[in-house]
Each structure stands twice: as structure tokens, then as C-alpha cells.
$ cat protein-v5.pdb   # PDB, C-alpha atoms and all ligand atoms
ATOM      1  CA  LYS A   5      35.149  10.983 -13.621
ATOM      2  CA  THR A   6      33.697   7.499 -13.320
ATOM      3  CA  ASP A   7      30.743   6.838 -15.606
ATOM      4  CA  SER A   8      29.524   3.946 -13.476
ATOM      5  CA  TRP A   9      27.487   6.345 -11.341
ATOM      6  CA  ASP A  10      28.732   4.641  -8.181
ATOM      7  CA  GLU A  11      29.264   7.961  -6.473
ATOM      8  CA  CYS A  12      25.685   8.968  -7.247
ATOM      9  CA  PHE A  13      24.376   5.612  -6.064
ATOM     10  CA  ASN A  14      26.183   5.939  -2.737
ATOM     11  CA  ALA A  15      24.932   9.502  -2.311
ATOM     12  CA  ALA A  16      21.356   8.401  -3.037
ATOM     13  CA  VAL A  17      21.488   5.603  -0.453
ATOM     14  CA  GLU A  18      22.991   7.911   2.137
ATOM     15  CA  VAL A  19      20.465  10.703   1.649
ATOM     16  CA  ALA A  20      17.576   8.180   1.580
ATOM     17  CA  ARG A  21      18.671   6.966   5.019
ATOM     18  CA  GLU A  22      18.820  10.527   6.330
ATOM     19  CA  ALA A  23      15.364  11.207   4.902
ATOM     20  CA  GLY A  24      14.184   7.961   6.488
ATOM     21  CA  GLU A  25      15.266   9.146   9.922
ATOM     22  CA  GLU A  26      13.241  12.314   9.512
ATOM     23  CA  ILE A  27      10.190  10.325   8.356
ATOM     24  CA  ARG A  28      10.497   7.815  11.212
ATOM     25  CA  SER A  29      10.683  10.502  13.818
ATOM     26  CA  ALA A  30       7.581  12.237  12.418
ATOM     27  CA  PHE A  31       5.662   8.976  11.790
ATOM     28  CA  SER A  32       3.981   8.615  15.143
ATOM     29  CA  SER A  33       3.569  12.327  15.865
ATOM     30  CA  GLU A  34       0.616  14.490  14.981
ATOM     31  CA  LYS A  35       0.854  15.815  11.415
ATOM     32  CA  ARG A  36      -0.314  18.986   9.735
ATOM     33  CA  ILE A  37      -2.161  17.716   6.669
ATOM     34  CA  GLU A  38      -3.022  19.672   3.556
ATOM     35  CA  THR A  39      -4.621  18.603   0.300
ATOM     36  CA  LYS A  40      -3.351  19.079  -3.251
ATOM     37  CA  SER A  41      -5.366  18.182  -6.393
ATOM     38  CA  CYS A  42      -8.399  16.902  -4.419
ATOM     39  CA  ALA A  43      -9.559  15.975  -0.911
ATOM     40  CA  VAL A  44      -7.733  12.597  -0.896
ATOM     41  CA  ASP A  45      -4.459  13.858  -2.418
ATOM     42  CA  LEU A  46      -2.578  14.570   0.806
ATOM     43  CA  VAL A  47       0.638  16.353   1.683
ATOM     44  CA  THR A  48       2.343  17.051   5.009
ATOM     45  CA  GLU A  49       5.120  19.352   6.111
ATOM     46  CA  THR A  50       7.374  16.268   6.254
ATOM     47  CA  ASP A  51       6.964  15.712   2.489
ATOM     48  CA  GLN A  52       8.122  19.254   1.825
ATOM     49  CA  LYS A  53      10.908  19.321   4.417
ATOM     50  CA  VAL A  54      12.346  15.965   3.312
ATOM     51  CA  GLU A  55      12.262  16.903  -0.377
ATOM     52  CA  GLU A  56      14.125  20.140   0.326
ATOM     53  CA  MET A  57      16.731  18.260   2.351
ATOM     54  CA  ILE A  58      17.258  15.609  -0.365
ATOM     55  CA  ILE A  59      17.537  18.168  -3.172
ATOM     56  CA  SER A  60      19.876  20.493  -1.308
ATOM     57  CA  THR A  61      22.146  17.589  -0.291
ATOM     58  CA  LEU A  62      22.334  16.159  -3.825
ATOM     59  CA  ARG A  63      22.665  19.597  -5.441
ATOM     60  CA  GLY A  64      25.601  20.319  -3.121
ATOM     61  CA  LYS A  65      27.335  17.162  -4.374
ATOM     62  CA  PHE A  66      26.290  17.348  -8.034
ATOM     63  CA  PRO A  67      25.764  21.019  -8.879
ATOM     64  CA  THR A  68      25.312  20.483 -12.637
ATOM     65  CA  HIS A  69      22.525  17.923 -12.263
ATOM     66  CA  SER A  70      18.816  18.647 -12.755
ATOM     67  CA  PHE A  71      15.974  17.822 -10.365
ATOM     68  CA  ILE A  72      12.360  16.714 -10.559
ATOM     69  CA  GLY A  73      10.586  16.417  -7.218
ATOM     70  CA  GLU A  74       6.966  15.740  -6.323
ATOM     71  CA  GLU A  75       6.630  18.699  -3.993
ATOM     72  CA  SER A  76       8.637  21.077  -6.196
ATOM     73  CA  ALA A  77       6.235  20.168  -9.019
ATOM     74  CA  ALA A  78       3.259  20.754  -6.711
ATOM     75  CA  ALA A  79       4.722  24.179  -5.920
ATOM     76  CA  GLY A  80       4.654  25.005  -9.637
ATOM     77  CA  GLU A  81       8.141  24.009 -10.813
ATOM     78  CA  LYS A  82       8.242  22.740 -14.371
ATOM     79  CA  VAL A  83       8.661  18.963 -14.745
ATOM     80  CA  GLU A  84      11.132  18.468 -17.549
ATOM     81  CA  LEU A  85      13.126  15.334 -18.252
ATOM     82  CA  THR A  86      16.139  16.105 -20.452
ATOM     83  CA  ASP A  87      19.321  14.156 -21.272
ATOM     84  CA  ASN A  88      21.126  15.948 -18.437
ATOM     85  CA  PRO A  89      21.621  13.784 -15.333
ATOM     86  CA  THR A  90      18.298  14.286 -13.552
ATOM     87  CA  TRP A  91      17.324  13.210 -10.054
ATOM     88  CA  ILE A  92      13.683  12.173  -9.802
ATOM     89  CA  ILE A  93      12.479  12.289  -6.212
ATOM     90  CA  ASP A  94       9.430  11.351  -4.216
ATOM     91  CA  PRO A  95      10.326  12.265  -0.629
ATOM     92  CA  VAL A  96       7.377  10.387   0.882
ATOM     93  CA  ASP A  97       5.776   7.810  -1.410
ATOM     94  CA  GLY A  98       2.772   6.622   0.531
ATOM     95  CA  THR A  99       1.772   9.933   2.077
ATOM     96  CA  THR A 100      -1.681   8.571   2.959
ATOM     97  CA  ASN A 101       0.016   5.704   4.823
ATOM     98  CA  PHE A 102       2.273   8.209   6.560
ATOM     99  CA  VAL A 103      -0.731  10.248   7.666
ATOM    100  CA  HIS A 104      -2.501   7.162   9.027
ATOM    101  CA  GLY A 105       0.497   5.397  10.534
ATOM    102  CA  PHE A 106       0.378   2.445   8.089
ATOM    103  CA  PRO A 107       3.999   1.289   7.826
ATOM    104  CA  PHE A 108       4.518   1.394   4.054
ATOM    105  CA  VAL A 109       6.182   4.744   3.550
ATOM    106  CA  ALA A 110       9.107   5.076   1.180
ATOM    107  CA  VAL A 111      11.696   7.540   0.039
ATOM    108  CA  SER A 112      12.087   7.126  -3.722
ATOM    109  CA  ILE A 113      15.181   8.501  -5.466
ATOM    110  CA  ALA A 114      16.205   7.812  -9.071
ATOM    111  CA  LEU A 115      18.889   9.212 -11.329
ATOM    112  CA  SER A 116      18.151   9.383 -15.037
ATOM    113  CA  VAL A 117      20.964  10.003 -17.551
ATOM    114  CA  ASN A 118      20.148  10.456 -21.244
ATOM    115  CA  LYS A 119      16.596   9.539 -20.206
ATOM    116  CA  GLU A 120      17.750   6.165 -18.907
ATOM    117  CA  VAL A 121      17.449   5.360 -15.201
ATOM    118  CA  VAL A 122      20.895   4.363 -13.882
ATOM    119  CA  VAL A 123      20.266   4.487 -10.120
ATOM    120  CA  GLY A 124      17.108   3.557  -8.209
ATOM    121  CA  VAL A 125      16.709   3.647  -4.437
ATOM    122  CA  VAL A 126      13.464   2.891  -2.600
ATOM    123  CA  TYR A 127      13.685   2.979   1.175
ATOM    124  CA  ASN A 128      10.838   1.828   3.413
ATOM    125  CA  ALA A 129      11.763   4.121   6.269
ATOM    126  CA  ILE A 130       9.458   2.490   8.801
ATOM    127  CA  LEU A 131      10.392  -1.159   8.201
ATOM    128  CA  ASP A 132      14.026  -0.266   7.385
ATOM    129  CA  GLN A 133      14.005  -2.037   4.019
ATOM    130  CA  MET A 134      16.390  -0.548   1.465
ATOM    131  CA  PHE A 135      15.650  -1.638  -2.111
ATOM    132  CA  THR A 136      18.307  -0.642  -4.623
ATOM    133  CA  GLY A 137      19.075  -1.046  -8.292
ATOM    134  CA  GLN A 138      22.027   0.088 -10.361
ATOM    135  CA  LEU A 139      21.969  -0.280 -14.123
ATOM    136  CA  GLY A 140      23.630  -3.571 -15.090
ATOM    137  CA  LYS A 141      24.503  -4.431 -11.499
ATOM    138  CA  GLY A 142      21.399  -6.142 -10.148
ATOM    139  CA  ALA A 143      18.795  -5.350  -7.505
ATOM    140  CA  PHE A 144      19.142  -5.715  -3.756
ATOM    141  CA  MET A 145      17.189  -5.503  -0.516
ATOM    142  CA  ASN A 146      19.319  -4.503   2.451
ATOM    143  CA  GLY A 147      22.364  -5.584   0.429
ATOM    144  CA  LYS A 148      21.058  -9.044  -0.524
ATOM    145  CA  PRO A 149      20.286  -9.822  -4.194
ATOM    146  CA  ILE A 150      16.579  -9.978  -5.046
ATOM    147  CA  HIS A 151      14.770 -11.519  -7.992
ATOM    148  CA  VAL A 152      11.238 -11.556  -9.369
ATOM    149  CA  SER A 153       9.182 -14.735  -8.921
ATOM    150  CA  GLY A 154       9.194 -15.587 -12.628
ATOM    151  CA  GLN A 155       5.467 -16.443 -12.408
ATOM    152  CA  GLU A 156       3.812 -16.602 -15.849
ATOM    153  CA  ASP A 157       0.314 -17.745 -14.992
ATOM    154  CA  LEU A 158      -2.297 -15.177 -13.963
ATOM    155  CA  SER A 159      -4.275 -17.837 -12.099
ATOM    156  CA  GLN A 160      -1.251 -18.466  -9.830
ATOM    157  CA  SER A 161      -0.437 -14.780  -9.267
ATOM    158  CA  LEU A 162      -0.689 -12.275  -6.472
ATOM    159  CA  LEU A 163      -1.478  -8.941  -8.132
ATOM    160  CA  ILE A 164      -0.850  -5.462  -6.791
ATOM    161  CA  SER A 165      -2.717  -2.325  -7.825
ATOM    162  CA  GLU A 166      -3.996   0.912  -6.336
ATOM    163  CA  PHE A 167      -7.063   3.087  -6.198
ATOM    164  CA  GLY A 168      -4.926   6.222  -6.770
ATOM    165  CA  SER A 169      -5.411   9.733  -5.518
ATOM    166  CA  SER A 170      -8.237  10.918  -7.765
ATOM    167  CA  ARG A 171     -11.934  10.270  -7.104
ATOM    168  CA  ASP A 172     -13.112  11.233 -10.557
ATOM    169  CA  LYS A 173     -16.145   9.023 -11.248
ATOM    170  CA  GLU A 174     -15.044   7.921 -14.705
ATOM    171  CA  LYS A 175     -11.587   6.980 -13.422
ATOM    172  CA  MET A 176     -12.950   5.091 -10.405
ATOM    173  CA  ASP A 177     -15.353   3.092 -12.608
ATOM    174  CA  LEU A 178     -12.414   2.062 -14.762
ATOM    175  CA  VAL A 179     -10.230   1.203 -11.752
ATOM    176  CA  PHE A 180     -12.919  -1.054 -10.300
ATOM    177  CA  SER A 181     -13.757  -2.733 -13.595
ATOM    178  CA  ASN A 182     -10.060  -3.453 -14.241
ATOM    179  CA  LEU A 183      -9.617  -4.944 -10.779
ATOM    180  CA  GLY A 184     -12.783  -6.984 -11.227
ATOM    181  CA  SER A 185     -11.566  -8.447 -14.495
ATOM    182  CA  PHE A 186      -8.719 -10.226 -12.663
ATOM    183  CA  LEU A 187     -10.862 -11.405  -9.744
ATOM    184  CA  ASN A 188     -13.597 -13.603 -11.133
ATOM    185  CA  GLU A 189     -14.968 -17.131 -11.308
ATOM    186  CA  LYS A 190     -13.172 -18.192 -14.477
ATOM    187  CA  ASN A 191      -9.515 -17.120 -14.606
ATOM    188  CA  SER A 192      -8.791 -15.324 -11.369
ATOM    189  CA  ALA A 193      -5.579 -14.198  -9.709
ATOM    190  CA  HIS A 194      -4.921 -15.596  -6.220
ATOM    191  CA  GLY A 195      -5.413 -12.170  -4.702
ATOM    192  CA  LEU A 196      -4.960  -8.450  -4.910
ATOM    193  CA  ARG A 197      -2.939  -6.139  -2.660
ATOM    194  CA  SER A 198      -2.494  -2.356  -2.397
ATOM    195  CA  MET A 199       0.507  -1.225  -0.405
ATOM    196  CA  GLY A 200      -0.310   2.457  -0.913
ATOM    197  CA  SER A 201       3.094   3.254  -2.397
ATOM    198  CA  ALA A 202       3.894   2.716  -6.063
ATOM    199  CA  ALA A 203       7.613   2.506  -5.286
ATOM    200  CA  LEU A 204       7.044  -0.209  -2.677
ATOM    201  CA  ASN A 205       4.572  -2.056  -4.905
ATOM    202  CA  MET A 206       7.291  -2.251  -7.557
ATOM    203  CA  SER A 207       9.938  -3.244  -5.016
ATOM    204  CA  HIS A 208       7.730  -6.098  -3.842
ATOM    205  CA  VAL A 209       7.326  -7.362  -7.414
ATOM    206  CA  ALA A 210      11.128  -7.126  -7.622
ATOM    207  CA  CYS A 211      11.645  -9.380  -4.607
ATOM    208  CA  GLY A 212       8.960 -11.872  -5.639
ATOM    209  CA  GLY A 213       6.405 -11.027  -2.932
ATOM    210  CA  GLY A 214       3.924  -9.963  -5.605
ATOM    211  CA  ASP A 215       3.845 -11.099  -9.237
ATOM    212  CA  ALA A 216       2.631  -7.975 -11.038
ATOM    213  CA  TYR A 217       1.624  -4.373 -10.408
ATOM    214  CA  PHE A 218      -0.307  -1.949 -12.582
ATOM    215  CA  GLU A 219      -1.711   1.536 -12.085
ATOM    216  CA  PHE A 220      -3.108   4.436 -14.089
ATOM    217  CA  GLY A 221      -2.425   7.939 -12.755
ATOM    218  CA  ILE A 222       1.021   7.574 -11.176
ATOM    219  CA  HIS A 223       3.689  10.223 -11.785
ATOM    220  CA  CYS A 224       7.325   9.842 -12.819
ATOM    221  CA  TRP A 225       8.546  10.359  -9.231
ATOM    222  CA  ASP A 226       6.387   7.433  -8.013
ATOM    223  CA  VAL A 227       7.912   4.921 -10.451
ATOM    224  CA  ALA A 228      11.372   6.077 -11.616
ATOM    225  CA  ALA A 229      13.371   4.306  -8.882
ATOM    226  CA  GLY A 230      11.054   1.279  -8.702
ATOM    227  CA  PHE A 231      11.449   0.875 -12.461
ATOM    228  CA  LEU A 232      15.169   0.108 -12.122
ATOM    229  CA  VAL A 233      14.719  -2.090  -9.050
ATOM    230  CA  VAL A 234      12.204  -4.258 -10.954
ATOM    231  CA  LYS A 235      14.260  -4.290 -14.149
ATOM    232  CA  GLU A 236      17.466  -5.265 -12.373
ATOM    233  CA  ALA A 237      15.564  -7.972 -10.475
ATOM    234  CA  GLY A 238      14.689  -9.596 -13.814
ATOM    235  CA  GLY A 239      11.191  -8.140 -14.149
ATOM    236  CA  VAL A 240       9.390  -6.654 -17.127
ATOM    237  CA  ILE A 241       8.080  -3.076 -17.227
ATOM    238  CA  LEU A 242       5.683  -2.035 -19.954
ATOM    239  CA  ASP A 243       3.081   0.565 -20.704
ATOM    240  CA  THR A 244      -0.316  -0.679 -19.495
ATOM    241  CA  ALA A 245      -1.282  -1.354 -23.133
ATOM    242  CA  GLY A 246       1.775  -3.574 -23.630
ATOM    243  CA  GLY A 247       4.003  -1.119 -25.525
ATOM    244  CA  PRO A 248       7.284   0.286 -24.231
ATOM    245  CA  PHE A 249       7.179   1.902 -20.783
ATOM    246  CA  ASP A 250       7.099   5.692 -20.907
ATOM    247  CA  MET A 251       7.951   7.224 -17.541
ATOM    248  CA  MET A 252       6.047  10.449 -18.246
ATOM    249  CA  SER A 253       2.823   8.785 -19.453
ATOM    250  CA  ARG A 254       1.273   8.270 -15.972
ATOM    251  CA  ARG A 255       0.788   4.519 -16.628
ATOM    252  CA  VAL A 256       2.768   1.555 -15.379
ATOM    253  CA  LEU A 257       2.645  -2.222 -15.621
ATOM    254  CA  CYS A 258       5.393  -4.388 -14.216
ATOM    255  CA  ALA A 259       5.493  -8.138 -13.847
ATOM    256  CA  SER A 260       7.632 -11.108 -13.003
ATOM    257  CA  SER A 261       7.532 -12.333 -16.621
ATOM    258  CA  GLU A 262       6.807 -11.057 -20.115
ATOM    259  CA  LYS A 263       3.959 -13.573 -20.430
ATOM    260  CA  LEU A 264       2.183 -12.375 -17.291
ATOM    261  CA  ALA A 265       2.691  -8.721 -18.302
ATOM    262  CA  ARG A 266       1.110  -9.423 -21.717
ATOM    263  CA  THR A 267      -1.849 -11.270 -20.169
ATOM    264  CA  ILE A 268      -2.546  -8.315 -17.880
ATOM    265  CA  ALA A 269      -2.082  -5.706 -20.636
ATOM    266  CA  GLU A 270      -4.655  -7.554 -22.753
ATOM    267  CA  GLY A 271      -7.138  -7.660 -19.873
ATOM    268  CA  LEU A 272      -6.929  -3.949 -19.018
ATOM    269  CA  THR A 273      -9.293  -1.279 -20.273
ATOM    270  CA  GLN A 274      -6.913   1.586 -21.037
ATOM    271  CA  MET A 275      -7.058   5.180 -19.854
ATOM    272  CA  GLU A 276      -5.274   8.243 -21.263
ATOM    273  CA  LEU A 277      -3.968  10.810 -18.796
ATOM    274  CA  PRO A 278      -2.355  14.212 -19.207
ATOM    275  CA  ARG A 279       1.420  13.606 -19.321
ATOM    276  CA  ASP A 280       3.854  14.698 -16.621
TER     277      ASP A 280
HETATM  278  C1  LIG A 301       0.964   7.856  -4.311
HETATM  279  C2  LIG A 301       1.265   6.409  -4.042
HETATM  280  C3  LIG A 301       0.042   5.561  -4.314
HETATM  281  C4  LIG A 301      -0.502   5.741  -5.706
HETATM  282  C5  LIG A 301      -0.728   7.194  -6.011
HETATM  283  C6  LIG A 301       0.509   8.022  -5.739
HETATM  284  P1  LIG A 301       2.295   9.769  -2.948
HETATM  285  O1  LIG A 301       2.133   8.648  -4.125
HETATM  286  O2  LIG A 301       2.343   5.958  -4.841
HETATM  287  O3  LIG A 301       0.361   4.203  -4.192
HETATM  288  O4  LIG A 301      -1.718   5.061  -5.808
HETATM  289  O5  LIG A 301      -1.075   7.267  -7.390
HETATM  290  O6  LIG A 301       0.218   9.371  -5.961
HETATM  291  O7  LIG A 301       1.311  10.840  -3.267
HETATM  292  O8  LIG A 301       1.983   9.095  -1.658
HETATM  293  O9  LIG A 301       3.694  10.218  -3.097
END
$ encode --input "protein-v5.pdb" --output "C-alpha cells"
Amino acid sequence: KTDSWDECFNAAVEVAREAGEEIRSAFSSEKRIETKSCAVDLVTETDQKVEEMIISTLRGKFPTHSFIGEESAAAGEKVELTDNPTWIIDPVDGTTNFVHGFPFVAVSIALSVNKEVVVGVVYNAILDQMFTGQLGKGAFMNGKPIHVSGQEDLSQSLLISEFGSSRDKEKMDLVFSNLGSFLNEKNSAHGLRSMGSAALNMSHVACGGGDAYFEFGIHCWDVAAGFLVVKEAGGVILDTAGGPFDMMSRRVLCASSEKLARTIAEGLTQMELPRD
């Protein structure tokens, strides 16, 4: 059996497209919305239906593999990353966008082997943009190679971050003070964007549209695929404090250069979160 994981990559792209069709057809219809951890942490029947479809398709093809999925976790399944080939899935990354009809809604599918991501697929189902990464083989958008901007200077950067899906006062104070520290009179970034999908934020750093992205509170399924897309596009992914990235730590910082990543890490007030 090939160890290049090509077969898995092709399966991931194919199932992401199928999931995308389902998302597109539900996008402009009325949705049944429920909440999870709090009133702004949303889920729809499409999230659940698409996750089931992705897992059953991939399990049919790769019966010995393990699975971590956002909605399976929400339903109480244990999140456990082992050395076994493990698919890490967010069926609808950008659920709030999906609910509101804002066209940044992605299917995020990663395969981790020996705790290393070897396949990453992020598909913006509404805009039909397929971002892919395969370990050692580069990153692509709709089949064309993509690369980070290489920007090193914060004052020349377009930053991306999010407000997240918690409204805990302490967390929100920290989110706003961190954003404020990069938007000021002295050494300010050019601007700040929030696409509402961690996977798409990372994909846009990968293709040079944004220069860096950071967030506290994400989960492994939000960032596993984006991680490889950014890495293969020449980007840097670190823990928000500047140490090695830990997919289960709920913190992410990626940038177009090591220098920019370090500048941002130094400017951030850190936050500890319960691990995935
Ligand atoms: C959310 C998005 C959002 C981020 C949240 C995530 P979901 O994922 O990635 O950008 O700010 O932290 O939970 O819930 O739409 O899959």
C-alpha cells in the first residue's frame, strides 16, 4: 500500500465536494438552528448531516482509520488523537456564516498519521474555492500552487483574527485588548479581518491574502487541515506564545514569516484553555 497518502487525499477532496453540494443547496434555505455551549455557539441539521456523510464515506474506504469530528464530539464522543491514521473533520466551519448567508463556509478535512497532518483539505463550498495541502507536496487553490506573502513587518500587514464562540467576559476583554494592541497610533497593522472560519482564515494566509492569523479558543477540527495548507504554502504555525504549535491546545498563530509570527506572539496576552 502506498505510503504517500494519495488515495486518502483524493478521497478527502471528493467527499469535500460532495459535502459542499449539500451545504450549497441548504445555504439559501431556512435553517433549523440550535445552540451548543452558549447562545452564540450555533449548530444546524446540515452540520450534523454533512459530518455523518463524510465519516461514513471515509470509514467505508478506510475501515481501520479513526475519526474526530466536531459534531460527534458535541454529541459526547471522546476526542482522542492517537498515532493511528485519524481523520479530523469540521463539516461546516463557519456555521454562523452559514446561518446568516455570509459566503465563507468551509468543509475542513485533515488526516493525521503518527500525530502529523499529511492531508489537509479546506473547501469554501459557496465560492467554490478548494484549498489543499499534502505533506511535502505543496499547497494549492483550485489546483494552482499558492504561497504566503512572506511579509515580515507588522506595520505592513493585514491581520486576521476572530471573536470566537464564547462570550465569557474575561475572554472577551482579552480578545479586545489583543486586537487593540495591533491597531494603534504607533506600530499598527494595515487592518484586521474576520472571515468567521478558522480554516478559511488559515487558507487566506496561505494564499497571501492575509499576512497572519491568531485565535484563542479554536478546536483541533477548526485548524487541522488549515495547518497543512499554511505549512505547505511556506507559512509558519506556532503556539500563540511562540512555542511549537499544539493542535489540541485550542490556540493558533500562523503567519507569512517567522519574524511576523514572533512579533505577534510577543504582543499577545496569553490565555490558557481546557485542552481538546
Ligand atoms: C468556528 C469558526 C470561527 C472561530 C470559532 C470556531 P464552527 O467554527 O472557525 O471562525 O472563531 O472559534 O468555533 O463552529 O463554525 O465550526
$ closest_residue --input "protein-v5.pdb" --among "A:Glu120, A:Asp177, A:Glu74, A:Asp250" --to "ligand LIG 301 (chain A)" --atoms "all atoms listed in the file"
A:Glu74
$ resolve_selection --input "protein-v5.pdb" --expression "the PyMOL selection byres (((not hetatm)) within 6 of (chain A and resi 301))" --output "MDAnalysis selection string"
chainID A and resid 94 96:100 166:169 200:202 221:222 226
$ closest_residue --input "protein-v5.pdb" --among "A:Val125, A:Met134, A:Ala259, A:Ala15" --to "Lys65 (chain A)" --atoms "all atoms listed in the file"
A:Ala15
$ residues_around --input "protein-v5.pdb" --residues "Ala193 (chain A)" --least-positions-apart "4" --cutoff "7 Å" --atoms "all atoms listed in the file" --output "count of residues only"
8
$ closest_residue --input "protein-v5.pdb" --among "A:Met176, A:Ile241, A:Val17, A:Cys258" --to "Thr136 (chain A)" --atoms "only C-alpha atoms"
A:Val17
$ atom_distance --input "protein-v5.pdb" --atom1 "CA of Glu84 (chain A)" --atom2 "CA of Val121 (chain A)"
14.7 Å
$ residues_around --input "protein-v5.pdb" --residues "Val209 (chain A)" --least-positions-apart "2" --cutoff "8 Å" --atoms "all atoms listed in the file" --output "NGL selection string"
:A and (152-153 or 205-207 or 211-217 or 234 or 239 or 258-260)
$ resolve_selection --input "protein-v5.pdb" --expression "the PyMOL selection byres (((chain A and resi 133) around 12) and not hetatm)" --output "list in words"
Val17, Ala20, Arg21, Gly24, Pro107, Phe108, Val109, Ala110, Val111, Val125, Val126, Tyr127, Asn128, Ala129, Ile130, Leu131, Asp132, Met134, Phe135, Thr136, Phe144, Met145, Asn146, Gly147, Lys148, Leu204, Ser207, His208 and Cys211 of chain A
$ atom_distance --input "protein-v5.pdb" --atom1 "CA of His69 (chain A)" --atom2 "CA of Ser112 (chain A)"
17.3 Å
$ atom_distance --input "protein-v5.pdb" --atom1 "CA of Val103 (chain A)" --atom2 "CA of Asn14 (chain A)"
29.2 Å
$ closest_residue --input "protein-v5.pdb" --among "A:Ala30, A:Val83, A:Leu139, A:Ala269" --to "Phe231 (chain A)" --atoms "all atoms listed in the file"
A:Leu139
$ build_atoms --input "protein-v5.pdb" --residues "region 146-158 of chain A" --atoms "N, CA and C atoms" --output "PDB file, keeping the file's coordinate frame"
ATOM      1  N   ASN A 146      18.359  -4.538   1.341  1.00  0.00           N
ATOM      2  CA  ASN A 146      19.319  -4.503   2.451  1.00  0.00           C
ATOM      3  C   ASN A 146      20.606  -5.249   2.091  1.00  0.00           C
ATOM      4  N   GLY A 147      21.079  -5.021   0.857  1.00  0.00           N
ATOM      5  CA  GLY A 147      22.364  -5.584   0.429  1.00  0.00           C
ATOM      6  C   GLY A 147      22.309  -6.996  -0.115  1.00  0.00           C
ATOM      7  N   LYS A 148      21.147  -7.656  -0.013  1.00  0.00           N
ATOM      8  CA  LYS A 148      21.058  -9.044  -0.524  1.00  0.00           C
ATOM      9  C   LYS A 148      20.365  -9.038  -1.884  1.00  0.00           C
ATOM     10  N   PRO A 149      20.897  -9.815  -2.854  1.00  0.00           N
ATOM     11  CA  PRO A 149      20.286  -9.822  -4.194  1.00  0.00           C
ATOM     12  C   PRO A 149      18.817 -10.253  -4.147  1.00  0.00           C
ATOM     13  N   ILE A 150      17.994  -9.591  -4.957  1.00  0.00           N
ATOM     14  CA  ILE A 150      16.579  -9.978  -5.046  1.00  0.00           C
ATOM     15  C   ILE A 150      16.230 -10.305  -6.495  1.00  0.00           C
ATOM     16  N   HIS A 151      15.185 -11.103  -6.664  1.00  0.00           N
ATOM     17  CA  HIS A 151      14.770 -11.519  -7.992  1.00  0.00           C
ATOM     18  C   HIS A 151      13.254 -11.651  -8.042  1.00  0.00           C
ATOM     19  N   VAL A 152      12.686 -11.365  -9.211  1.00  0.00           N
ATOM     20  CA  VAL A 152      11.238 -11.556  -9.369  1.00  0.00           C
ATOM     21  C   VAL A 152      10.906 -13.045  -9.275  1.00  0.00           C
ATOM     22  N   SER A 153       9.602 -13.328  -9.092  1.00  0.00           N
ATOM     23  CA  SER A 153       9.182 -14.735  -8.921  1.00  0.00           C
ATOM     24  C   SER A 153       9.303 -15.541 -10.206  1.00  0.00           C
ATOM     25  N   GLY A 154       9.187 -14.870 -11.346  1.00  0.00           N
ATOM     26  CA  GLY A 154       9.194 -15.587 -12.628  1.00  0.00           C
ATOM     27  C   GLY A 154       7.823 -16.166 -12.984  1.00  0.00           C
ATOM     28  N   GLN A 155       6.826 -15.919 -12.163  1.00  0.00           N
ATOM     29  CA  GLN A 155       5.467 -16.443 -12.408  1.00  0.00           C
ATOM     30  C   GLN A 155       4.945 -15.995 -13.787  1.00  0.00           C
ATOM     31  N   GLU A 156       4.338 -16.935 -14.519  1.00  0.00           N
ATOM     32  CA  GLU A 156       3.812 -16.602 -15.849  1.00  0.00           C
ATOM     33  C   GLU A 156       2.296 -16.700 -15.906  1.00  0.00           C
ATOM     34  N   ASP A 157       1.725 -17.374 -14.917  1.00  0.00           N
ATOM     35  CA  ASP A 157       0.314 -17.745 -14.992  1.00  0.00           C
ATOM     36  C   ASP A 157      -0.530 -16.813 -14.095  1.00  0.00           C
ATOM     37  N   LEU A 158      -1.446 -16.095 -14.724  1.00  0.00           N
ATOM     38  CA  LEU A 158      -2.297 -15.177 -13.963  1.00  0.00           C
ATOM     39  C   LEU A 158      -3.017 -15.902 -12.824  1.00  0.00           C
TER      40      LEU A 158
END
